[in-house]
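File shown here: run.cif, holding mmCIF, C-alpha atoms.
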data_coords
#
loop_
_atom_site.label_atom_id
_atom_site.label_comp_id
_atom_site.auth_asym_id
_atom_site.auth_seq_id
_atom_site.Cartn_x
_atom_site.Cartn_y
_atom_site.Cartn_z
CA MET A 28 -70.40 30.01 -72.63
CA SER A 29 -70.26 26.43 -73.80
CA SER A 30 -68.16 24.42 -76.20
CA LYS A 31 -71.23 22.41 -77.25
CA ALA A 32 -73.60 23.87 -79.84
CA GLU A 33 -76.42 21.61 -78.66
CA ARG A 34 -76.54 23.55 -75.38
CA GLN A 35 -77.32 26.86 -77.07
CA LYS A 36 -81.10 26.43 -76.83
CA ASP A 37 -80.93 25.54 -73.14
CA ILE A 38 -78.76 28.59 -72.44
CA GLU A 39 -81.09 30.88 -74.33
CA ALA A 40 -84.09 29.37 -72.54
CA LEU A 41 -82.59 30.75 -69.32
CA GLY A 42 -82.68 34.23 -70.83
CA ALA A 43 -78.93 34.33 -71.43
CA THR A 44 -76.94 34.93 -74.60
CA ALA A 45 -75.08 31.82 -75.72
CA ALA A 46 -71.42 32.03 -76.74
CA ILE A 47 -70.40 28.74 -78.29
CA GLY A 48 -66.69 28.03 -78.56
CA PRO A 49 -63.64 26.49 -76.85
CA VAL A 50 -61.85 28.08 -73.90
CA LYS A 51 -58.61 27.10 -75.65
CA ASP A 52 -59.37 29.78 -78.27
CA VAL A 53 -58.14 33.16 -76.96
CA ASP A 54 -59.71 35.05 -79.86
CA PHE A 55 -63.10 33.52 -79.04
CA LEU A 56 -62.70 34.42 -75.37
CA THR A 57 -61.63 37.97 -76.18
CA LYS A 58 -64.60 38.53 -78.49
CA THR A 59 -66.98 37.09 -75.88
CA PHE A 60 -65.54 39.18 -73.04
CA LYS A 61 -65.55 42.55 -74.80
CA GLY A 62 -67.99 45.02 -73.26
CA SER A 63 -68.47 42.94 -70.10
CA ASP A 64 -68.56 44.59 -66.67
CA VAL A 65 -67.44 41.34 -65.05
CA VAL A 66 -66.43 37.88 -66.25
CA TYR A 67 -66.67 34.61 -64.35
CA CYS A 68 -64.11 32.05 -65.51
CA MET A 69 -63.55 28.36 -64.87
CA ALA A 70 -61.56 25.55 -66.46
CA PRO A 71 -63.94 22.82 -67.71
CA PRO A 72 -62.85 19.58 -66.04
CA ASP A 73 -61.10 17.08 -68.29
CA PHE A 74 -59.48 14.21 -66.44
CA TYR A 75 -58.32 12.58 -69.67
CA GLN A 76 -55.87 15.34 -70.52
CA THR A 77 -52.33 13.98 -70.75
CA ASP A 78 -51.20 16.58 -68.18
CA ILE A 79 -54.08 18.06 -66.16
CA ILE A 80 -51.79 20.53 -64.37
CA ALA A 81 -50.56 21.97 -67.67
CA TYR A 82 -54.13 22.06 -69.00
CA HIS A 83 -55.45 24.15 -66.10
CA GLY A 84 -52.46 26.49 -66.23
CA GLN A 85 -52.93 27.08 -69.95
CA ILE A 86 -56.65 27.81 -69.59
CA GLY A 87 -55.80 30.34 -66.88
CA ARG A 88 -53.29 32.03 -69.19
CA ASN A 89 -55.88 32.07 -71.97
CA TYR A 90 -58.35 33.83 -69.71
CA ALA A 91 -55.69 36.32 -68.63
CA ASP A 92 -54.80 37.15 -72.23
CA ALA A 93 -58.46 37.57 -73.21
CA ILE A 94 -59.27 39.73 -70.18
CA LYS A 95 -56.32 42.00 -70.93
CA VAL A 96 -57.15 42.51 -74.61
CA ALA A 97 -60.91 42.84 -74.00
CA GLY A 98 -60.36 45.50 -71.35
CA VAL A 99 -62.31 43.72 -68.63
CA THR A 100 -61.73 45.27 -65.18
CA HIS A 101 -63.47 42.76 -62.89
CA ALA A 102 -62.99 38.99 -62.99
CA ILE A 103 -63.93 36.02 -60.83
CA TYR A 104 -62.04 32.75 -61.23
CA LEU A 105 -63.17 29.37 -59.94
CA SER A 106 -60.00 27.99 -58.39
CA SER A 107 -59.79 25.46 -55.55
CA PHE A 108 -58.64 25.05 -52.00
CA GLY A 109 -55.05 23.84 -52.13
CA ALA A 110 -54.24 26.43 -54.82
CA HIS A 111 -51.93 28.22 -52.38
CA ARG A 112 -49.39 25.49 -53.17
CA SER A 113 -47.42 24.96 -56.37
CA SER A 114 -46.71 21.32 -55.54
CA GLY A 115 -47.88 18.49 -53.31
CA VAL A 116 -51.53 18.94 -54.31
CA GLY A 117 -51.65 17.07 -57.62
CA ILE A 118 -53.87 18.61 -60.28
CA ILE A 119 -54.61 21.62 -58.07
CA ALA A 120 -51.13 22.93 -58.93
CA GLY A 121 -52.80 23.86 -62.23
CA ALA A 122 -55.21 26.13 -60.36
CA HIS A 123 -52.20 27.67 -58.59
CA ASN A 124 -50.62 28.42 -61.97
CA ALA A 125 -53.87 29.85 -63.31
CA GLU A 126 -54.18 32.13 -60.26
CA LYS A 127 -50.60 33.28 -60.85
CA ALA A 128 -51.31 34.16 -64.50
CA LEU A 129 -54.50 36.05 -63.66
CA GLY A 130 -52.90 37.72 -60.66
CA ALA A 131 -50.27 39.29 -62.92
CA LEU A 132 -52.92 41.36 -64.73
CA GLN A 133 -52.80 45.11 -64.20
CA ASN A 134 -55.87 47.25 -63.48
CA VAL A 135 -58.10 44.23 -63.05
CA SER A 136 -59.87 43.36 -59.80
CA ILE A 137 -59.98 39.59 -59.28
CA THR A 138 -61.68 37.32 -56.79
CA PHE A 139 -60.24 33.82 -56.61
CA MET A 140 -62.99 31.46 -55.49
CA ARG A 141 -61.54 28.48 -53.63
CA PRO A 142 -64.25 25.88 -52.98
CA THR A 143 -63.41 22.80 -50.96
CA SER A 144 -64.13 19.18 -51.97
CA PHE A 145 -67.35 18.79 -53.94
CA TYR A 146 -70.01 16.50 -52.47
CA HIS A 147 -70.58 15.24 -56.01
CA ASN A 148 -67.14 13.58 -55.96
CA PHE A 149 -68.72 10.89 -53.79
CA TYR A 150 -70.71 9.67 -56.78
CA ASN A 151 -67.43 8.15 -57.99
CA PHE A 152 -67.69 5.70 -55.09
CA VAL A 153 -71.10 4.34 -56.15
CA PRO A 154 -69.75 1.43 -58.26
CA MET A 155 -67.30 0.48 -55.50
CA ILE A 156 -69.98 0.47 -52.83
CA ARG A 157 -72.29 -1.60 -55.03
CA ASN A 158 -69.61 -4.13 -55.97
CA ALA A 159 -67.36 -4.26 -52.89
CA GLY A 160 -69.60 -2.98 -50.09
CA PHE A 161 -67.12 -0.38 -48.84
CA ILE A 162 -65.31 2.84 -49.75
CA ALA A 163 -61.52 2.75 -50.24
CA ALA A 164 -59.15 5.61 -51.04
CA ASN A 165 -55.74 7.01 -50.06
CA TYR A 166 -57.61 9.33 -47.70
CA GLY A 167 -60.23 8.13 -45.24
CA GLY A 168 -60.85 6.99 -41.68
CA ASP A 169 -60.59 9.91 -39.28
CA ASP A 170 -59.32 12.33 -41.96
CA MET A 171 -61.41 15.51 -41.90
CA LEU A 172 -62.88 16.62 -45.21
CA GLN A 173 -64.12 20.09 -46.05
CA LEU A 174 -67.17 19.65 -48.27
CA VAL A 175 -69.10 21.97 -50.56
CA SER A 176 -72.23 22.02 -52.69
CA PRO A 177 -72.31 23.69 -56.12
CA THR A 178 -75.43 25.50 -54.88
CA ASP A 179 -73.43 27.21 -52.15
CA ILE A 180 -70.64 28.01 -54.61
CA ALA A 181 -73.17 29.63 -56.96
CA ILE A 182 -74.53 31.79 -54.14
CA ALA A 183 -71.02 32.94 -53.22
CA ILE A 184 -70.17 33.73 -56.86
CA ALA A 185 -73.37 35.77 -57.24
CA GLU A 186 -72.39 37.75 -54.15
CA GLU A 187 -68.95 38.46 -55.58
CA ILE A 188 -70.42 39.60 -58.90
CA ALA A 189 -72.64 42.07 -57.06
CA GLN A 190 -69.86 43.43 -54.82
CA PRO A 191 -67.54 46.08 -56.24
CA TYR A 192 -63.98 45.23 -55.27
CA GLU A 193 -60.54 46.57 -56.06
CA GLY A 194 -57.38 44.49 -56.00
CA ARG A 195 -57.11 40.79 -55.24
CA LYS A 196 -59.36 38.69 -53.04
CA ILE A 197 -59.40 35.02 -52.06
CA ARG A 198 -62.72 33.56 -50.93
CA TYR A 199 -63.03 30.05 -49.56
CA VAL A 200 -66.41 28.34 -49.87
CA CYS A 201 -67.40 25.39 -47.69
CA SER A 202 -70.71 23.82 -46.73
CA ASP A 203 -69.72 21.29 -44.05
CA GLU A 204 -66.72 19.67 -42.34
CA ARG A 205 -66.88 15.99 -41.45
CA SER A 206 -64.57 13.02 -41.00
CA CYS A 207 -64.48 10.29 -43.61
CA ASN A 208 -65.86 7.85 -41.06
CA GLU A 209 -68.82 10.17 -40.44
CA ILE A 210 -69.35 10.58 -44.17
CA ALA A 211 -69.43 6.82 -44.67
CA SER A 212 -71.95 6.48 -41.85
CA VAL A 213 -74.27 9.21 -43.16
CA LEU A 214 -74.12 8.07 -46.79
CA GLY A 215 -74.38 4.42 -45.77
CA THR A 216 -77.46 5.06 -43.63
CA ALA A 217 -79.09 6.90 -46.53
CA ILE A 218 -78.67 3.87 -48.83
CA GLY A 219 -79.54 1.24 -46.25
CA MET A 220 -75.94 0.32 -45.33
CA PRO A 221 -75.45 1.92 -41.88
CA ASN A 222 -72.23 -0.03 -41.30
CA LEU A 223 -70.57 1.21 -44.50
CA LYS A 224 -66.80 1.50 -43.95
CA TRP A 225 -64.25 3.88 -45.48
CA ASN A 226 -60.91 2.09 -45.72
CA LEU A 227 -57.59 3.87 -46.07
CA ILE A 228 -55.38 2.39 -48.79
CA SER A 229 -51.93 3.32 -50.12
CA SER A 230 -51.35 5.83 -52.89
CA GLU A 231 -49.86 3.02 -54.95
CA GLN A 232 -53.10 1.07 -54.67
CA MET A 233 -55.12 4.21 -55.44
CA GLN A 234 -53.20 4.98 -58.63
CA ALA A 235 -53.25 1.37 -59.77
CA GLY A 236 -57.02 1.29 -59.32
CA MET A 237 -57.53 4.41 -61.44
CA GLN A 238 -55.27 3.09 -64.17
CA ASP A 239 -57.09 -0.24 -64.12
CA ALA A 240 -60.29 1.77 -64.66
CA GLY A 241 -58.79 3.26 -67.82
CA LEU A 242 -57.22 6.53 -66.68
CA PRO A 243 -53.80 7.26 -68.26
CA GLU A 244 -50.75 7.10 -66.00
CA MET A 245 -49.98 10.84 -65.66
CA PRO A 246 -53.48 12.06 -64.77
CA ALA A 247 -53.88 9.07 -62.46
CA ALA A 248 -50.66 10.09 -60.67
CA GLN A 249 -51.74 13.74 -60.46
CA LEU A 250 -55.15 12.82 -59.05
CA THR A 251 -53.55 10.40 -56.59
CA GLU A 252 -51.30 13.18 -55.29
CA MET A 253 -54.29 15.48 -54.90
CA TYR A 254 -56.18 12.86 -52.90
CA ALA A 255 -53.07 12.22 -50.79
CA GLY A 256 -53.15 15.95 -50.04
CA LEU A 257 -56.52 15.43 -48.34
CA HIS A 258 -54.86 12.87 -46.06
CA ASN A 259 -51.57 14.67 -45.30
CA GLY A 260 -53.08 18.15 -44.92
CA ASN A 261 -51.56 19.85 -47.95
CA MET A 262 -54.94 20.66 -49.47
CA ALA A 263 -56.54 22.23 -46.42
CA GLU A 264 -53.62 23.94 -44.66
CA ASP A 265 -54.37 27.48 -45.91
CA TYR A 266 -58.13 26.99 -45.71
CA LEU A 267 -57.82 26.12 -42.02
CA GLN A 268 -56.10 29.45 -41.43
CA ASN A 269 -58.78 31.33 -43.39
CA ARG A 270 -62.07 29.55 -42.78
CA PRO A 271 -65.12 31.35 -44.20
CA GLY A 272 -67.05 33.24 -41.56
CA ILE A 273 -70.31 31.72 -42.75
CA MET A 274 -70.66 28.16 -43.98
CA GLY A 275 -72.95 27.19 -46.85
CA ASN A 276 -76.46 25.89 -46.32
CA VAL A 277 -76.19 22.41 -47.86
CA LYS A 278 -75.05 19.96 -45.19
CA LEU A 279 -73.91 16.37 -45.57
CA GLU A 280 -77.31 15.02 -44.56
CA ASP A 281 -78.93 17.11 -47.32
CA PHE A 282 -76.56 15.72 -49.93
CA ALA A 283 -77.05 12.18 -48.63
CA LYS A 284 -80.64 12.28 -49.96
CA GLU A 285 -79.34 13.12 -53.44
CA PHE A 286 -76.68 10.43 -53.12
CA ALA A 287 -79.28 7.82 -52.19
CA ALA A 288 -81.43 8.78 -55.19
CA VAL A 289 -78.48 8.22 -57.53
CA TYR A 290 -77.36 5.04 -55.77
CA ASN A 291 -80.82 3.50 -55.90
CA LYS A 292 -81.45 4.16 -59.60
#

Kindly transcribe the structure held in the file into structure tokens.
Amino acid sequence: MSSKAERQKDIEALGATAAIGPVKDVDFLTKTFKGSDVVYCMAPPDFYQTDIIAYHGQIGRNYADAIKVAGVTHAIYLSSFGAHRSSGVGIIAGAHNAEKALGALQNVSITFMRPTSFYHNFYNFVPMIRNAGFIAANYGGDDMLQLVSPTDIAIAIAEEIAQPYEGRKIRYVCSDERSCNEIASVLGTAIGMPNLKWNLISSEQMQAGMQDAGLPEMPAAQLTEMYAGLHNGNMAEDYLQNRPGIMGNVKLEDFAKEFAAVYNK
């Protein structure tokens, strides 16, 4: 599925059937889902929505409505760690609301995939490192981050598709766990800055920086609260009680090579 018609050829080149349409259209989703043994659902990221929490909740409700009408009996939803909370986790409250809508379905088996922080989020720091020579955020220092690669998420999703399951299931996916100071050291070494520092700033400074970069006030506030949740423990509290038995294969040092390639372009 894609909302962009120009991607149809690429999708078909993979041997898949392309369904082109918006996830905001329940009729489109229903038509696409009909006859499926299993559906994998995710909310396309859009950080310029006026209210990201409401956006994610609505997409979850759209999926739930389409699954019900289409008669699908097995679904997998890409949620997030932190989705156990309805507040205190910023935009992830939207994933909580989506899980709630999907969880209300009858006669549908659902796996909620809860990946941790994406390595790729660190690409957002590239301009700051280039211009200021350090990383700064309202989480950092000795804060521990739980990190994940999309490759490891894809492997986990494929496993869930292949496994028959009845009821509800939550699966956390994580590739590595490292402190922000360690992350700065590993990424810095990869780009020739072994003394790269990760400075902890206030949430007020964090939000102001995002708004200065052009992000509207509400999404900036919601993202700031999510990042604060990495510092105060809100995001990881349930994950820490339910760590995956097997971590993913892509470690921080593996990602650092990709990071360096992007940084040095």

Notebook entry, point to check: Pick the closest to Val153 of chain A from A:Ile218, A:Cys207, A:Val65, A:Ala97: which is it, counting all atoms listed in the file?
Noted result: A:Ile218

Item checked: Output check: residues returned by the PyMOL selection byres ((chain A and resi 123-134) around 12), as a PyMOL selection string -> chain A and resi 68-70+79-96+98-122+135-141+192-197+262

Next item on the list: Output the residue selection produced by the PyMOL selection byres ((chain A and resi 271) around 9) on the file above, formatted as a PyMOL selection string.
Entry: chain A and resi 198-201+266+269-270+272-274

Notebook entry, point to check: Taking into account only C-alpha atoms, which residue in the set A:Glu244, A:Glu209, A:Asp73, A:Asp179 is nearest to Gly167 of chain A?
Noted result: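 So, comparing all the options, the nearest one is A:Glu209.
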
Notebook entry, point to check: Can you tell me, as JSON, numbers by chain, what residues are no more than 12 Å from Lys292 of chain A when counting all atoms listed in the file, ignoring any on the same chain fewer than 2 positions away?
Noted result: {"A": [153, 157, 218, 285, 286, 287, 288, 289, 290]}
